[in-house]
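To keep things clear, I will list the structure first and then write my remarks on it.
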Amino acid sequence: MSTQPRAPRSILHIDMDAFFAAIEERENPELKGLPVIVAGLGPRGVVCTCSYAARKFGVRSAMPTAQARRLCPNGVYLTPQMSLYATVSAQIFNIFARFTPDIEGLSFDEAFLDISGSLKLFGTARELAVALKAAIFNDTQLYASVGIASTKFTAKLASERSKPNGLLEISDAQLQGFLSPLPIGAMWGIGRVSEGKLKQAGIHTFADLISANPARLKPLLGRDSERLVALARGEDARHVDSTREEKSIGAETTFDADLLDLQDAQRELLGLCERVGKRMRLASLQTHRLILKVRVPPFETHTLSLRLDHGINDTRQLYLSAKGLLDRWWKSSPAPRLRLLGVSGHDLCTPAQDDLFASAGLERDSMATDQVVDRIRERFGDARLSRARRLAP
């Protein structure tokens, strides 16, 4: 019995351009064209993202804010508004769903889409991608860069090379011509250390990697050598995993000065629980396990975990549960001082319908309060509303 060859897949990699900074520019049009840098603003802060105007000065994501200020002293430095970014992200993923159900989210602003089953409705892959980019801009006034290919790896490389606001399609016929000259540092799974070793061995491009003697690569790349050579050839059998679930939802903050007072730490913890709770509610998820993360000088990190009897995502329950962990750690520490505090929800699941009717009155009031707070902050921003408990005496 003969079998028909499987039709090539059509995969998009979508990456929003300078996502956090672009949202800030949208909310404040006077910022357009300026070097906007979204970052932690204290002495220990790190850049989350920056506009393309800031990148011209050498500013990059994950760079210490102090270094960014030296490179771009006249930049516009803004504190991240994670709740706002999460709301816009949910809006964008809803737009993706208009074009295909096969969506694998990678972060707030990045996803793979398998559009193979949607082409009968939307035309060619390029036509669909053009329509998707237009829908994103019409609904959010934000730009996306899109790569199109038959594999996830090549689609991602294509989107990276189409930025900003670009669209690049790599057909199978173009595959080797596109991949071969790429620098070895563009390969997934090759960090700076491995990149340096490969360059010392004379391997500078994907083509060099493909032609290298396997026995020579083994000491440099170990067990990954065969997989990386296959990727360099454009061989990537991974499918878009639309069933992939978030493993955790969390938030953390590094303090400009170490916290020495328990009440100050509790106020900061409440703010973190608000952020985590909102992200869970936006994703229609609850947590069954909370983890508290504390870091003390100089750089010692501790975690405490709490298994919950039932799933939660309202701010009050998240805070009370996390507060119990914080209080326990604080009392057990001879001289507590906090450099960093974080909270995250794990073992995520979709809320059970029965929970709506089994909730106690206080719990229902808490959920109703969260809904009101979420709506107000979505419309007016996080800074317009704060729980009284978060205000310093």
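Letters A, B, ... mark the chains of the structure tokens in the order given; residue numbers begin at 1 per chain; ligand numbers begin at 1, in order shown.
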**Request:** Write out as a PyMOL selection string all residues of segment 205-334 of chain A that DSSP puts in alpha helix (DSSP H) for this structure's backbone.
**Result:** chain A and resi 206-211+214-221+225-232+262-282+315-332
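Distance-wise, atom CA of Arg337 of chain A and atom CA of Leu78 of chain A end up 26.7 Å apart.
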Determine, for each residue of segment 68-106 of chain A having at least one atom at most 12 Å from an atom of segment 25-37 of chain A, the closest pair of atoms and their separation in Å to one decimal, counting only C-alpha atoms; order by chain and ascending number, as a Markdown table.
| residue | atom | partner | partner_atom | distance |
| --- | --- | --- | --- | --- |
| A:Ala68 | CA | A:Ile37 | CA | 8.5 |
| A:Arg69 | CA | A:Ile37 | CA | 9.5 |
| A:Leu71 | CA | A:Pro35 | CA | 11.1 |
| A:Cys72 | CA | A:Pro35 | CA | 8.0 |
| A:Pro73 | CA | A:Pro35 | CA | 9.9 |
| A:Asn74 | CA | A:Pro35 | CA | 7.9 |
| A:Gly75 | CA | A:Pro35 | CA | 4.9 |
| A:Val76 | CA | A:Val36 | CA | 4.8 |
| A:Tyr77 | CA | A:Ile37 | CA | 4.9 |
| A:Leu78 | CA | A:Ile37 | CA | 6.2 |
| A:Thr79 | CA | A:Ile37 | CA | 8.7 |
| A:Pro80 | CA | A:Ile37 | CA | 9.5 |
| A:Gln81 | CA | A:Glu27 | CA | 11.5 |
| A:Leu84 | CA | A:Glu27 | CA | 10.3 |
| A:Tyr85 | CA | A:Glu27 | CA | 11.4 |
| A:Val88 | CA | A:Arg26 | CA | 11.4 |
**Request:** Can you pull out every residue within 9 Å of Leu290 of chain A, counting only C-alpha atoms, but drop anything in the same chain fewer than 2 positions away, and send it as a list in words?
**Result:** Thr287, His288, Leu292, Leu304, Ser305, Leu306, Arg307, Leu308, Leu318, Ser321, Ala322, Val343, Ser344, Gly345, His346 and Asp347 of chain A
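Of the listed residues (A:His302, A:Ser248, A:Leu326, A:Ala144), A:Ser248 comes nearest to Arg279 of chain A; the distances count only C-alpha atoms.
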**Gap from atom CA of Gly189 of chain A to atom CA of Leu167 of chain A - Å, one decimal** = 24.5 Å
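Pairwise distance (atom CA of Ala129 of chain A, atom CA of Ser61 of chain A) equals 26.8 Å.
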Output as a Markdown table one row per residue of segment 192-276 of chain A within 9 Å of segment 151-160 of chain A: the closest atom pair and its distance in Å to one decimal place, counting only C-alpha atoms, sorted by chain and residue number ascending.
| residue | atom | partner | partner_atom | distance |
| --- | --- | --- | --- | --- |
| A:Leu231 | CA | A:Phe153 | CA | 7.3 |
| A:Gly234 | CA | A:Thr154 | CA | 6.8 |
| A:Glu235 | CA | A:Thr151 | CA | 7.7 |
| A:Asp236 | CA | A:Thr151 | CA | 5.8 |
| A:Ala237 | CA | A:Thr151 | CA | 7.2 |
| A:Arg238 | CA | A:Lys152 | CA | 7.1 |
| A:His239 | CA | A:Lys152 | CA | 7.5 |
| A:Val240 | CA | A:Lys152 | CA | 7.6 |
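Among the candidates A:Ile170, A:Leu142, A:Leu341, A:Ala86, the residue lying nearest to Ala22 of chain A is A:Leu142 (atoms considered: only C-alpha atoms).
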**Message:** Show me, as a ChimeraX atom specification, the residues that have an atom within 10 Å of segment 123-127 of chain A when counting only C-alpha atoms, minus same-chain residues fewer than 4 positions from it.
**Reply:** /A:10-12,115-116,118-119,131-132,146-149,167-169
File dump, residues just selected, C-alpha atoms, as a PDB file, in the first residue's frame:
ATOM      1  CA  SER A  10       3.134  26.004   7.799  1.00  0.00           C
ATOM      2  CA  ILE A  11       4.385  27.466  11.056  1.00  0.00           C
ATOM      3  CA  LEU A  12       4.490  31.072  12.176  1.00  0.00           C
ATOM      4  CA  ILE A 115      -1.565  27.440  10.483  1.00  0.00           C
ATOM      5  CA  SER A 116      -1.498  24.329   8.270  1.00  0.00           C
ATOM      6  CA  SER A 118      -6.224  27.299   8.356  1.00  0.00           C
ATOM      7  CA  LEU A 119      -4.944  27.929   4.841  1.00  0.00           C
ATOM      8  CA  ALA A 131      -3.935  39.549   7.924  1.00  0.00           C
ATOM      9  CA  LEU A 132      -2.757  38.555  11.407  1.00  0.00           C
ATOM     10  CA  VAL A 146       6.552  37.231  11.863  1.00  0.00           C
ATOM     11  CA  GLY A 147       8.628  34.379  10.493  1.00  0.00           C
ATOM     12  CA  ILE A 148       7.090  31.678   8.267  1.00  0.00           C
ATOM     13  CA  ALA A 149       8.643  28.265   7.641  1.00  0.00           C
ATOM     14  CA  LEU A 167       7.526  39.455   7.675  1.00  0.00           C
ATOM     15  CA  LEU A 168       9.954  36.860   6.319  1.00  0.00           C
ATOM     16  CA  GLU A 169       8.955  33.575   4.711  1.00  0.00           C
TER      17      GLU A 169
END
Neighbours of Leu259 of chain A within 7 Å (only C-alpha atoms; same-chain residues fewer than 6 positions away dropped), as a PDB file with C-alpha atoms, in the first residue's frame?
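Contents of the output file result-v2.pdb:
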ATOM      1  CA  ALA A 265       8.046  42.930  53.722  1.00  0.00           C
ATOM      2  CA  ARG A 337      16.988  41.188  56.011  1.00  0.00           C
ATOM      3  CA  LEU A 338      15.579  40.849  52.505  1.00  0.00           C
ATOM      4  CA  ARG A 339      17.382  41.637  49.286  1.00  0.00           C
TER       5      ARG A 339
END
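With only C-alpha atoms as the atoms that count, the residue of A:Ser194, A:Gln141, A:Gln176, A:Ser150 with the shortest distance to Gly222 of chain A is A:Ser194.
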Any chance you could list, as a short mmCIF file (atom, residue, chain, number, x, y, z; two decimals) with C-alpha atoms, in the first residue's frame, the residues in segment 102-321 of chain A that come up strand (DSSP E) when DSSP is run on the backbone?
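Writing done, so here's selection07.cif:
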data_model
loop_
_atom_site.label_atom_id
_atom_site.label_comp_id
_atom_site.auth_asym_id
_atom_site.auth_seq_id
_atom_site.Cartn_x
_atom_site.Cartn_y
_atom_site.Cartn_z
CA ILE A 103 -0.98 28.08 19.50
CA GLU A 104 2.09 27.48 21.65
CA GLY A 105 2.78 30.47 23.83
CA LEU A 106 6.40 31.07 24.79
CA SER A 107 6.04 34.30 26.78
CA GLU A 110 5.97 35.45 21.67
CA ALA A 111 4.27 32.36 20.24
CA PHE A 112 4.37 29.64 17.61
CA LEU A 113 1.25 29.10 15.49
CA ASP A 114 0.65 26.08 13.27
CA ALA A 144 4.64 42.26 15.41
CA SER A 145 7.41 40.57 13.47
CA VAL A 146 6.55 37.23 11.86
CA GLY A 147 8.63 34.38 10.49
CA ILE A 148 7.09 31.68 8.27
CA ALA A 149 8.64 28.26 7.64
CA LEU A 167 7.53 39.46 7.68
CA LEU A 168 9.95 36.86 6.32
CA GLU A 169 8.95 33.58 4.71
CA SER A 248 4.06 28.43 37.13
CA ILE A 249 3.00 32.05 37.44
CA GLY A 250 5.07 34.27 39.69
CA ALA A 251 6.43 37.71 40.45
CA GLU A 252 9.43 38.95 42.37
CA THR A 253 11.16 42.20 43.20
CA THR A 254 14.68 43.18 44.22
CA PHE A 255 14.83 45.98 46.76
CA ASP A 256 17.04 49.05 46.39
CA ALA A 257 17.84 48.76 50.09
CA ASP A 258 17.49 45.56 52.12
CA LEU A 259 14.19 45.26 54.01
CA THR A 287 -2.66 27.28 41.93
CA HIS A 288 -2.47 24.27 44.22
CA ARG A 289 1.06 25.02 45.50
CA LEU A 290 2.66 28.30 46.54
CA ILE A 291 6.39 28.92 46.69
CA LEU A 292 7.91 31.86 48.53
CA LYS A 293 11.39 32.97 47.45
CA VAL A 294 13.59 35.08 49.70
CA ARG A 295 17.13 36.23 49.06
CA VAL A 296 19.44 37.61 51.73
CA GLU A 300 21.82 33.51 49.41
CA THR A 301 18.40 32.28 48.26
CA HIS A 302 15.82 30.27 50.25
CA THR A 303 12.46 28.86 49.15
CA LEU A 304 9.47 27.76 51.21
CA SER A 305 6.57 25.75 49.77
CA LEU A 306 2.93 25.31 50.78
CA ARG A 307 0.56 22.66 49.39
CA LEU A 308 -3.03 23.98 49.20
CA ASP A 309 -6.18 21.95 49.85
CA HIS A 310 -7.91 23.53 46.85
CA GLY A 311 -7.02 25.80 43.95
CA ILE A 312 -6.93 29.55 44.55
#
